[in-house]
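File shown here: my_file_30.txt, holding compact mmCIF, C-alpha atoms.
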# COMPACT_ATOMS: atom_id res chain seq x y z
CA MET A 1 -141.31 -138.50 107.06
CA ARG A 2 -142.96 -141.41 105.28
CA ILE A 3 -140.96 -144.65 105.19
CA LEU A 4 -142.02 -147.48 102.90
CA PHE A 5 -140.82 -151.04 103.47
CA GLN A 6 -140.92 -153.22 100.35
CA GLY A 7 -140.02 -156.85 99.85
CA ASP A 8 -141.17 -160.44 100.13
CA SER A 9 -142.19 -162.66 103.07
CA ILE A 10 -139.15 -161.53 105.08
CA THR A 11 -140.68 -158.04 105.07
CA ASP A 12 -144.35 -159.09 105.01
CA VAL A 13 -144.27 -161.31 108.14
CA GLY A 14 -148.03 -161.54 108.57
CA ARG A 15 -148.88 -157.88 108.09
CA ASN A 16 -152.56 -156.98 108.19
CA THR A 17 -153.70 -156.31 104.64
CA GLU A 18 -157.31 -155.49 105.51
CA ARG A 19 -158.44 -152.17 104.10
CA GLY A 20 -158.45 -149.47 106.74
CA SER A 21 -156.19 -151.32 109.15
CA LEU A 22 -154.27 -148.97 111.43
CA VAL A 23 -151.59 -151.54 112.23
CA SER A 24 -150.23 -153.30 109.17
CA VAL A 25 -146.47 -153.45 109.62
CA GLY A 26 -146.31 -157.19 110.36
CA GLN A 27 -144.21 -158.89 113.02
CA GLY A 28 -140.71 -158.62 111.60
CA TYR A 29 -137.99 -156.01 111.24
CA PRO A 30 -140.44 -153.32 109.90
CA CYS A 31 -142.42 -153.71 113.14
CA LEU A 32 -139.29 -153.37 115.27
CA LEU A 33 -138.22 -150.28 113.35
CA THR A 34 -141.69 -148.73 113.40
CA ALA A 35 -141.89 -149.22 117.17
CA ARG A 36 -138.49 -147.62 117.74
CA LEU A 37 -138.95 -144.70 115.37
CA THR A 38 -142.47 -143.77 116.46
CA ALA A 39 -141.91 -144.30 120.19
CA TYR A 40 -138.97 -141.91 120.40
CA ASN A 41 -140.05 -139.45 117.71
CA PRO A 42 -143.84 -139.09 118.06
CA GLY A 43 -145.52 -137.51 115.08
CA TRP A 44 -142.40 -137.46 112.92
CA PHE A 45 -142.37 -140.84 111.17
CA GLU A 46 -145.06 -142.72 109.27
CA CYS A 47 -144.09 -146.30 108.44
CA ILE A 48 -145.83 -148.38 105.78
CA ASN A 49 -145.19 -152.04 104.98
CA ARG A 50 -146.07 -153.30 101.50
CA GLY A 51 -143.97 -156.47 101.47
CA ILE A 52 -145.77 -159.42 99.86
CA SER A 53 -144.83 -163.02 100.54
CA GLY A 54 -143.43 -164.79 97.50
CA ASN A 55 -142.51 -161.65 95.57
CA ARG A 56 -139.62 -161.58 93.10
CA ILE A 57 -138.22 -158.41 91.58
CA VAL A 58 -140.58 -158.72 88.59
CA ASP A 59 -143.56 -158.88 90.96
CA LEU A 60 -142.46 -155.74 92.77
CA TYR A 61 -141.98 -153.88 89.50
CA ALA A 62 -145.47 -154.95 88.38
CA ARG A 63 -146.99 -153.13 91.37
CA ILE A 64 -144.66 -150.15 91.32
CA LYS A 65 -147.47 -147.63 90.87
CA CYS A 66 -150.16 -148.84 93.26
CA ASP A 67 -147.84 -149.96 96.09
CA PHE A 68 -145.02 -147.50 95.60
CA TRP A 69 -145.44 -144.32 93.60
CA ASN A 70 -149.00 -143.66 94.75
CA LEU A 71 -147.77 -143.72 98.38
CA GLU A 72 -145.12 -141.03 97.70
CA PRO A 73 -142.64 -142.11 100.38
CA ASP A 74 -139.66 -140.00 101.39
CA LEU A 75 -137.57 -143.13 101.99
CA CYS A 76 -138.05 -146.57 100.49
CA SER A 77 -136.39 -149.64 101.98
CA ILE A 78 -136.25 -152.73 99.73
CA LEU A 79 -135.27 -156.27 100.74
CA LEU A 80 -135.71 -158.62 97.80
CA GLY A 81 -133.84 -161.32 95.92
CA VAL A 82 -134.04 -164.66 97.68
CA ASN A 83 -137.26 -165.70 95.91
CA ASP A 84 -135.63 -164.92 92.57
CA VAL A 85 -133.28 -167.76 93.52
CA TRP A 86 -135.59 -170.02 95.53
CA HIS A 87 -138.39 -170.10 92.96
CA GLU A 88 -135.96 -171.43 90.35
CA PHE A 89 -135.08 -174.41 92.53
CA GLY A 90 -138.68 -174.97 93.60
CA GLY A 91 -140.57 -174.45 90.35
CA LYS A 92 -138.30 -173.17 87.56
CA ASN A 93 -139.82 -169.71 88.00
CA GLY A 94 -136.87 -167.73 89.29
CA VAL A 95 -135.31 -164.57 87.87
CA ASP A 96 -131.73 -164.96 86.65
CA ALA A 97 -129.05 -162.63 87.95
CA LYS A 98 -128.80 -160.49 84.81
CA ARG A 99 -132.54 -159.97 84.54
CA PHE A 100 -132.73 -159.34 88.30
CA TYR A 101 -130.19 -156.52 87.95
CA ASN A 102 -131.92 -155.01 84.92
CA VAL A 103 -135.42 -154.97 86.41
CA TYR A 104 -134.24 -153.78 89.84
CA LYS A 105 -132.17 -151.01 88.26
CA MET A 106 -135.15 -149.99 86.12
CA LEU A 107 -137.33 -149.83 89.24
CA VAL A 108 -134.92 -147.49 91.01
CA ASP A 109 -134.20 -145.38 87.92
CA ASP A 110 -137.88 -144.98 87.04
CA THR A 111 -138.71 -144.00 90.60
CA LEU A 112 -135.91 -141.44 90.86
CA GLU A 113 -136.97 -139.94 87.56
CA ARG A 114 -140.42 -139.38 89.01
CA PHE A 115 -139.30 -138.55 92.58
CA PRO A 116 -135.73 -137.20 92.36
CA LYS A 117 -135.53 -136.44 96.10
CA MET A 118 -136.56 -139.88 97.25
CA LYS A 119 -133.98 -141.90 99.17
CA PHE A 120 -133.50 -145.67 99.06
CA ILE A 121 -132.05 -148.21 101.42
CA LEU A 122 -131.28 -151.25 99.26
CA MET A 123 -130.84 -154.29 101.48
CA GLU A 124 -128.67 -157.25 100.56
CA PRO A 125 -130.55 -160.55 100.18
CA PHE A 126 -129.17 -163.38 102.29
CA CYS A 127 -129.38 -167.05 103.20
CA LEU A 128 -127.85 -169.53 105.60
CA LYS A 129 -127.69 -173.31 105.57
CA GLY A 130 -131.00 -174.65 106.85
CA PRO A 131 -133.88 -176.99 106.00
CA ALA A 132 -134.93 -174.96 102.95
CA THR A 133 -131.44 -174.52 101.49
CA GLN A 134 -129.17 -177.36 102.55
CA GLY A 135 -130.18 -179.76 99.76
CA VAL A 136 -128.93 -177.30 97.13
CA TRP A 137 -126.70 -175.25 99.38
CA ASP A 138 -123.72 -174.49 97.16
CA ASP A 139 -125.88 -173.34 94.24
CA PHE A 140 -128.34 -171.51 96.49
CA ARG A 141 -125.63 -169.52 98.23
CA ARG A 142 -123.80 -168.73 94.99
CA GLU A 143 -126.97 -167.46 93.32
CA THR A 144 -128.04 -165.46 96.37
CA ASP A 145 -124.59 -163.84 96.47
CA LEU A 146 -125.00 -162.86 92.82
CA ARG A 147 -128.29 -161.10 93.64
CA GLY A 148 -126.61 -159.39 96.57
CA GLU A 149 -123.82 -158.15 94.32
CA ALA A 150 -126.42 -156.83 91.89
CA VAL A 151 -128.11 -154.86 94.67
CA ARG A 152 -124.75 -153.43 95.76
CA ARG A 153 -123.97 -152.34 92.19
CA ILE A 154 -127.37 -150.70 91.80
CA ALA A 155 -126.88 -148.76 95.03
CA GLU A 156 -123.50 -147.56 93.81
CA ASP A 157 -124.77 -146.74 90.31
CA THR A 158 -127.71 -144.71 91.64
CA LYS A 159 -125.88 -143.21 94.65
CA GLN A 160 -128.25 -144.79 97.14
CA THR A 161 -127.58 -146.52 100.46
CA PHE A 162 -126.63 -150.20 100.43
CA LEU A 163 -127.20 -152.29 103.56
CA PRO A 164 -124.98 -155.43 103.66
CA LEU A 165 -126.53 -158.27 105.64
CA GLN A 166 -124.96 -161.57 104.55
CA LYS A 167 -121.65 -161.18 106.40
CA MET A 168 -123.48 -160.00 109.51
CA LEU A 169 -125.51 -163.21 109.52
CA ASP A 170 -122.49 -165.35 108.69
CA ASP A 171 -120.66 -163.81 111.65
CA ALA A 172 -123.70 -164.33 113.90
CA CYS A 173 -123.39 -168.08 113.27
CA GLU A 174 -120.22 -168.01 115.36
CA LYS A 175 -122.41 -167.19 118.37
CA ALA A 176 -125.35 -169.51 117.67
CA PRO A 177 -126.40 -172.01 114.98
CA ALA A 178 -127.71 -170.74 111.65
CA THR A 179 -131.26 -171.79 112.51
CA HIS A 180 -131.18 -169.48 115.54
CA TRP A 181 -131.09 -166.55 113.11
CA LEU A 182 -132.88 -167.92 110.02
CA GLY A 183 -135.23 -170.72 111.00
CA ASP A 184 -135.27 -172.47 107.63
CA GLY A 185 -132.19 -170.84 106.15
CA VAL A 186 -134.23 -168.05 104.55
CA HIS A 187 -136.80 -166.62 106.98
CA PRO A 188 -135.49 -164.78 110.05
CA THR A 189 -136.43 -165.76 113.57
CA PRO A 190 -137.21 -162.95 116.04
CA ALA A 191 -133.47 -162.84 116.80
CA GLY A 192 -132.67 -162.56 113.11
CA HIS A 193 -135.19 -159.77 112.62
CA GLN A 194 -133.63 -157.89 115.52
CA LEU A 195 -130.18 -158.08 113.93
CA ILE A 196 -131.62 -156.78 110.66
CA ALA A 197 -133.47 -153.96 112.40
CA ASP A 198 -130.35 -152.93 114.31
CA ALA A 199 -128.27 -152.86 111.13
CA TRP A 200 -130.97 -150.89 109.29
CA MET A 201 -131.23 -148.33 112.05
CA GLU A 202 -127.50 -147.75 112.15
CA ILE A 203 -127.13 -147.18 108.42
CA ALA A 204 -130.33 -145.14 108.15
CA LYS A 205 -129.49 -142.51 110.78
CA PRO A 206 -127.99 -140.00 108.30
CA LEU A 207 -131.16 -140.26 106.20
CA LEU A 208 -133.59 -139.92 109.11
CA PHE A 209 -132.27 -137.18 111.38
Show this structure as structure tokens.
Amino acid sequence: MRILFQGDSITDVGRNTERGSLVSVGQGYPCLLTARLTAYNPGWFECINRGISGNRIVDLYARIKCDFWNLEPDLCSILLGVNDVWHEFGGKNGVDAKRFYNVYKMLVDDTLERFPKMKFILMEPFCLKGPATQGVWDDFRRETDLRGEAVRRIAEDTKQTFLPLQKMLDDACEKAPATHWLGDGVHPTPAGHQLIADAWMEIAKPLLF
């Protein structure tokens, strides 16, 4: 079973992009999941990470063939959306909520048309209050929630699996400060990546075994 992880820097996490590299899953939740799946099920799972730091939904759609269709995964996991918000605050280059929904939905629809048996895990984008978000916190959180709602709707519309993450991280802040989970309010720490990996594994079980 070939699993493809797609997304931005939260998925990328320093993956080795050198041609021919045998280990290129990065140091985040895809690494934790690859370790778990391949250690306990030798020879059954192949995990590929094609997350690229800085990507927005329009960037992912632009590489849909070379980094998606050509790999022919059985299961594709996508975590995307925070840069569509962040890049608007940082450089007026974000993707508004309506366009985000339309392009994301087109990506899933086009893929299912080509690969009708493919399964998706569509992961909710998230943020917490931290150095990267606190100056524009109310707007940042509202816009991130809108992208999360769009992902949920797409999962429902296409009958794919939605993985909620924002409430999990909000609840985790009752145990430790926000920066314990997301160092800058956007990028997970090792602890944050572990929470994400655990949530992914739980919701993915019916699709994997």
Check your understanding: What is the CA of Tyr61 in chain A-CA of Leu112 in chain A distance in Å, reported with one decimal?
Key -> 13.9 Å
Review point. With distances taken over only C-alpha atoms, which of A:Trp200, A:Tyr40, A:Phe45, A:Phe140 is nearest to Gly81 in chain A?
Key: A:Phe140
Point to revise | Which residue of A:Thr38, A:Ser9, A:Ile121, A:Gly130 approaches Pro206 in chain A most closely, using all atoms listed in the file | key: A:Ile121
Point to revise | Protein, DNA and RNA residues within 12 Å of (-129.2, -144.6, 107.0), only C-alpha atoms, as a ChimeraX atom specification | key: /A:3,75-77,119-123,160-163,197-209
May I have the residues from that selection written out with C-alpha atoms, as a PDB file, in the coordinates of the input?
ATOM      1  CA  ILE A   3    -140.960-144.650 105.190  1.00  0.00           C
ATOM      2  CA  LEU A  75    -137.570-143.130 101.990  1.00  0.00           C
ATOM      3  CA  CYS A  76    -138.050-146.570 100.490  1.00  0.00           C
ATOM      4  CA  SER A  77    -136.390-149.640 101.980  1.00  0.00           C
ATOM      5  CA  LYS A 119    -133.980-141.900  99.170  1.00  0.00           C
ATOM      6  CA  PHE A 120    -133.500-145.670  99.060  1.00  0.00           C
ATOM      7  CA  ILE A 121    -132.050-148.210 101.420  1.00  0.00           C
ATOM      8  CA  LEU A 122    -131.280-151.250  99.260  1.00  0.00           C
ATOM      9  CA  MET A 123    -130.840-154.290 101.480  1.00  0.00           C
ATOM     10  CA  GLN A 160    -128.250-144.790  97.140  1.00  0.00           C
ATOM     11  CA  THR A 161    -127.580-146.520 100.460  1.00  0.00           C
ATOM     12  CA  PHE A 162    -126.630-150.200 100.430  1.00  0.00           C
ATOM     13  CA  LEU A 163    -127.200-152.290 103.560  1.00  0.00           C
ATOM     14  CA  ALA A 197    -133.470-153.960 112.400  1.00  0.00           C
ATOM     15  CA  ASP A 198    -130.350-152.930 114.310  1.00  0.00           C
ATOM     16  CA  ALA A 199    -128.270-152.860 111.130  1.00  0.00           C
ATOM     17  CA  TRP A 200    -130.970-150.890 109.290  1.00  0.00           C
ATOM     18  CA  MET A 201    -131.230-148.330 112.050  1.00  0.00           C
ATOM     19  CA  GLU A 202    -127.500-147.750 112.150  1.00  0.00           C
ATOM     20  CA  ILE A 203    -127.130-147.180 108.420  1.00  0.00           C
ATOM     21  CA  ALA A 204    -130.330-145.140 108.150  1.00  0.00           C
ATOM     22  CA  LYS A 205    -129.490-142.510 110.780  1.00  0.00           C
ATOM     23  CA  PRO A 206    -127.990-140.000 108.300  1.00  0.00           C
ATOM     24  CA  LEU A 207    -131.160-140.260 106.200  1.00  0.00           C
ATOM     25  CA  LEU A 208    -133.590-139.920 109.110  1.00  0.00           C
ATOM     26  CA  PHE A 209    -132.270-137.180 111.380  1.00  0.00           C
TER      27      PHE A 209
END
**Study point:** Distance of CA of Gly26 in chain A from CA of Gly14 in chain A, expressed in Å to one decimal place
**Key:**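 Separation between CA of Gly14 in chain A and CA of Gly26 in chain A: 5.0 Å.
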Review point. For Trp44 in chain A, which residue out of A:Met1, A:Met106, A:Ala191, A:Leu169 is the nearest one, using only C-alpha atoms?
Key: A:Met1
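If you measure from each of A:Arg2, A:Pro177, A:Glu88, A:Asp59 to Leu37 in chain A using only C-alpha atoms, the closest one turns out to be A:Arg2.
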Check your understanding: From the list A:Pro164, A:Gly7, A:Pro116, A:Gly148, which residue is nearest Gly54 in chain A when using all atoms listed in the file?
Key ->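 Among the listed residues, A:Gly7 lies closest to Gly54 in chain A.
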Exercise for review: Give the answer as one residue: which of A:Ile78, A:Asn70, A:Gly43, A:Thr179 has the shortest atom-to-atom distance to Ile10 in chain A, using all atoms listed in the file?
Suggested key: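 Among the listed residues, A:Ile78 lies closest to Ile10 in chain A.
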Practice item. Name all residues at most 10 Å from Met168 in chain A (count all atoms listed in the file; drop same-chain ones fewer than 5 positions away) and give them as JSON, numbers by chain. Key: {"A": [126, 173, 195, 196, 199]}
Revision key, fill the gap. note - CA of Gly192 in chain A and CA of Val108 in chain A are separated by 26.8 Å
Review point. Leaving out Lys105 in chain A and any residue of its chain fewer than 6 positions from it, which residues lie within 10 Å of it when counting all atoms listed in the file, given as a PyMOL selection string?
Key: chain A and resi 99+111+150-151+153-155+157-158
Practice item. Please provide as a PyMOL selection string all residues within 10 Å of Asn93 in chain A, with the sequence filter that same-chain residues fewer than 4 positions apart are discarded (counting all atoms listed in the file). Key: chain A and resi 56+83-89
Kindly list the centre and edge lengths in Å, rounded to one decimal, for the axis-aligned box that covers all listed atoms of range 141-150 of chain A plus 5 Å on each of its six sides, as lines of an AutoDock Vina configuration file.
center_x = -126.0
center_y = -163.2
center_z = 95.1
size_x = 14.5
size_y = 22.7
size_z = 16.3
